[in-house]
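Below is one structure; the comments refer to it alone.
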Amino acid sequence: MTQTIETDVVVIGGGIAGLWLFRTLNTLGYRSVLLEQDSLGGGQTIKSQGIVHGGTKYTLTGQLTNAAQAIAAMPDRWRNALAGEGVGGGGVADPDLRSARILSEHHYLWSPGDIGSRMTSFFASKALRGRVETLTKENLPAIFKHEGFRGKVYQLNEIVLDIATVTRALVQGLEDKTVKVDWREQGNAQLKTDSQGNIEAIELSNDRGQKVQLKAKRFVLSAGEGTEALLNTWGVNDPKMQVRPLHMVMVRHHHPEPVYAHCLGTTPLPRITVTSHPDADGKWVWYLGGGIAEDGVKQSADELIATAKKEMKALLPWVNLDQAEWATLRVNRAEPKQSRLLRPDAAFCQPVANGIVTWPTKLALAPNLADEVVRLLQEDNIRPVTDKTVSMPAGFSQPEICPNFWQGCFDEKETS
């Protein structure tokens, strides 16, 4: 016998966007269930650098771009949530992230030599006031206090987070409303549609032979790269997805000083972006993105590692990485399709029949995406029924929280 469970919203995909939305919906009183195929916070989320961008890296042309303006308010929004005092766009409390770990209170931008001189006046302009602060030598992060450093360092209104702990904070107390699913043909989840193109239900089964028909007023797709396959199963041709690949570098070593900074180059893209993540053995894992990860897409792991070694030697010559371990990691950024494969400026939410298709485009924009979904629900007069709850029957597996991105990556030089 198949049990029918009525919900307000089913969220499909447990990355940062799906989890922030799921927590917000439950705070508001919506009956919500989250479905995840792999692990919570996996995919793009755990492979991100954990930077809550404020848009400064999008101003390296010397202009305040649409992308920079769209994301400008996000660091303060996140800081408030991390203090347990967050309020969303609709006046509802943001998720309480006090248990999440902050790796650095600020991200930085550094210029080797005098390459930053052309940007100094722009960073000091009224347009970026409150976002960028030029640091004196006494206030430099420890990594840049070496006598060999000759450049400038700017402090950005951006924070760097341990994403696994953010994931844990977002799902805490809601684990019984999450379900691990397998969308493959012989898997335990099947998406059923009706003749009008609506998602009629999602049929779930478990190892005990129990079956559940999960119905919802709205189905929200927030599965990142997996959204494309779900759209195909649904039979939806619009919106379309694009994938912009990266080839990241990881360096594990004993150098005591972490780095959380973009390096200013000669193009609008940072030459390199470094974040630092402590591992269980007391080492740092430096995670290298930015221009080197964009350019490295066409390189093999060995080629990219050779490039990265030269770059780190040129940019931080006083840091000895001779005994470091090196590995690479390929990442696909899934987004709504844009002309010329450009990066979208803001979070994306598009209603389709009785669903909403979403991509956050950046980790920092997860709150913006949740605001937009709630607004769409309210516009359609879908409001919480506070005297009813929803829970899944026993026997359905719950997805685990994804381990940190570097775990297992140093056994092989390249992980795809």
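Simple scheme: letters A, B, ... for chains in structure tokens order, numbers from 1 for residues in each chain, numbers from 1 for ligands in the order shown.
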
For this session: Write out as a ChimeraX atom specification the residues lying within 12 Å of Thr307 in chain A, counting only C-alpha atoms and excluding same-chain residues fewer than 4 positions away.
Result: /A:248-249,272,288,291-293,295-296,299-303,311-314,326,328

For this session: For Leu25 in chain A, please output as an NGL selection string all residues within 12 Å (counting only C-alpha atoms; exclusion window: fewer than 2 positions along the same chain).
Result: :A and (7-11 or 18-23 or 27-34 or 88 or 90 or 92-95 or 170 or 174 or 177 or 218 or 220 or 367 or 370-375 or 377-378 or 382-386)

For this session: Extract the full set of strand (DSSP E) residues from range 172-290 of chain A according to DSSP on the backbone, and format it as number ranges by chain.
Result: A: 178-180, 189-193, 199-205, 211-221, 241-253, 261-263, 272-278, 284-289

For this session: Fewer than 2 positions away in the same chain doesn't count, so skip those; otherwise give me all residues within 10 Å of range 189-200 of chain A, counting only C-alpha atoms, as a PyMOL selection string.
Result: chain A and resi 35+37+180-187+202-206+211-219+230+233-236+352-355

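Using only C-alpha atoms, the smallest distance between any of A:Asn139, A:Met250, A:Arg168, A:Val319 and Leu304 in chain A comes from A:Met250.
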
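Among the candidates A:Ile159, A:Thr266, A:Leu82, A:Ile51, the residue lying nearest to Pro112 in chain A is A:Thr266 (atoms considered: only C-alpha atoms).
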
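We find CA of Trp318 in chain A and CA of Lys298 in chain A to be spaced 29.5 Å apart.
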
For this session: For CA of Ser397 in chain A and CA of Pro351 in chain A, determine how far apart the two atoms are, in Å to one decimal place.
Result: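 Rounded to one decimal, the two atoms are 29.5 Å apart.
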
Exercise. Leaving out Thr45 in chain A and any residue of its chain fewer than 4 positions from it, which residues lie within 8 Å of it when counting only C-alpha atoms, given as a PyMOL selection string?
Worked result: chain A and resi 15-16+41+163+363

Keeping only N, CA and C atoms, write the selected residues to a file as a PDB file, in the first residue's frame.
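Dumped everything to part33.pdb:
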ATOM      1  N   GLY A  15      22.298  21.245  -1.524  1.00  0.00           N
ATOM      2  CA  GLY A  15      23.456  22.122  -1.476  1.00  0.00           C
ATOM      3  C   GLY A  15      23.132  23.343  -0.636  1.00  0.00           C
ATOM      4  N   ILE A  16      23.992  24.349  -0.681  1.00  0.00           N
ATOM      5  CA  ILE A  16      23.808  25.506   0.191  1.00  0.00           C
ATOM      6  C   ILE A  16      22.487  26.209  -0.073  1.00  0.00           C
ATOM      7  N   GLY A  41      25.336  19.302   1.213  1.00  0.00           N
ATOM      8  CA  GLY A  41      26.459  20.213   1.035  1.00  0.00           C
ATOM      9  C   GLY A  41      27.504  19.701   0.075  1.00  0.00           C
ATOM     10  N   ILE A 163      32.602  25.218   5.261  1.00  0.00           N
ATOM     11  CA  ILE A 163      31.299  24.915   4.668  1.00  0.00           C
ATOM     12  C   ILE A 163      30.653  23.672   5.281  1.00  0.00           C
ATOM     13  N   LEU A 363      27.682  30.948  -3.750  1.00  0.00           N
ATOM     14  CA  LEU A 363      27.349  30.521  -2.389  1.00  0.00           C
ATOM     15  C   LEU A 363      26.769  31.673  -1.583  1.00  0.00           C
TER      16      LEU A 363
END

For this session: Return the single residue from A:Thr2, A:Asn320, A:Ser276, A:Asn332 that is closest to Glu294 in chain A, with distances computed using only C-alpha atoms.
Result: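 Closest to Glu294 in chain A, using only C-alpha atoms: A:Asn332.
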
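Between Ala346 in chain A and the residues A:Ile401, A:Glu379, A:Gly408, A:Met74, the shortest atom-to-atom distance, using only C-alpha atoms, involves A:Met74.
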
For this session: Would you list the contacts of Ser99 in chain A as a list in words, taking every protein, DNA or RNA residue within 12 Å and counting only C-alpha atoms, but skipping same-chain residues closer than 4 positions in sequence?
Result: Ala81, Leu82, Ala83, Gly84, Pro95, Leu161, Asp162, Ile163, Ala164, Thr165, Val166, Thr167, Arg168, Ala169, Leu170, Val171 and Gln172 of chain A

For this session: Report the distance between CA of Ser222 in chain A and CA of Cys349 in chain A in Å, rounded to one decimal place.
Result: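 Separating CA of Ser222 in chain A from CA of Cys349 in chain A is a distance of 9.5 Å.
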
Problem set entry | Contacts of Trp406 in chain A at 9 Å (only C-alpha atoms; same-chain gap of 2+ positions) as a count of residues only | 12

Exercise. Just asking: which residues within range 151-388 of chain A are alpha helix (DSSP H) according to DSSP, as JSON, numbers by chain?
Worked result: {"A": [163, 164, 165, 166, 167, 168, 169, 170, 171, 227, 228, 229, 230, 231, 232, 233, 234, 291, 292, 293, 294, 295, 301, 302, 303, 304, 305, 306, 307, 308, 309, 310, 311, 312, 313, 314, 315, 366, 367, 368, 369, 370, 371, 372, 373, 374, 375, 376, 377, 378, 379]}

For this session: Measuring atom to atom with only C-alpha atoms, identify which of A:Arg271, A:Lys283, A:His262, A:Arg330 is nearest to Leu246 in chain A.
Result: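 Distance minimum relative to Leu246 in chain A lands on A:Arg330.
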
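You can rank A:Ala280, A:Ala223, A:Ala306, A:Val259 by their closest distance to Arg333 in chain A using only C-alpha atoms, and at the top of that list sits A:Ala223.
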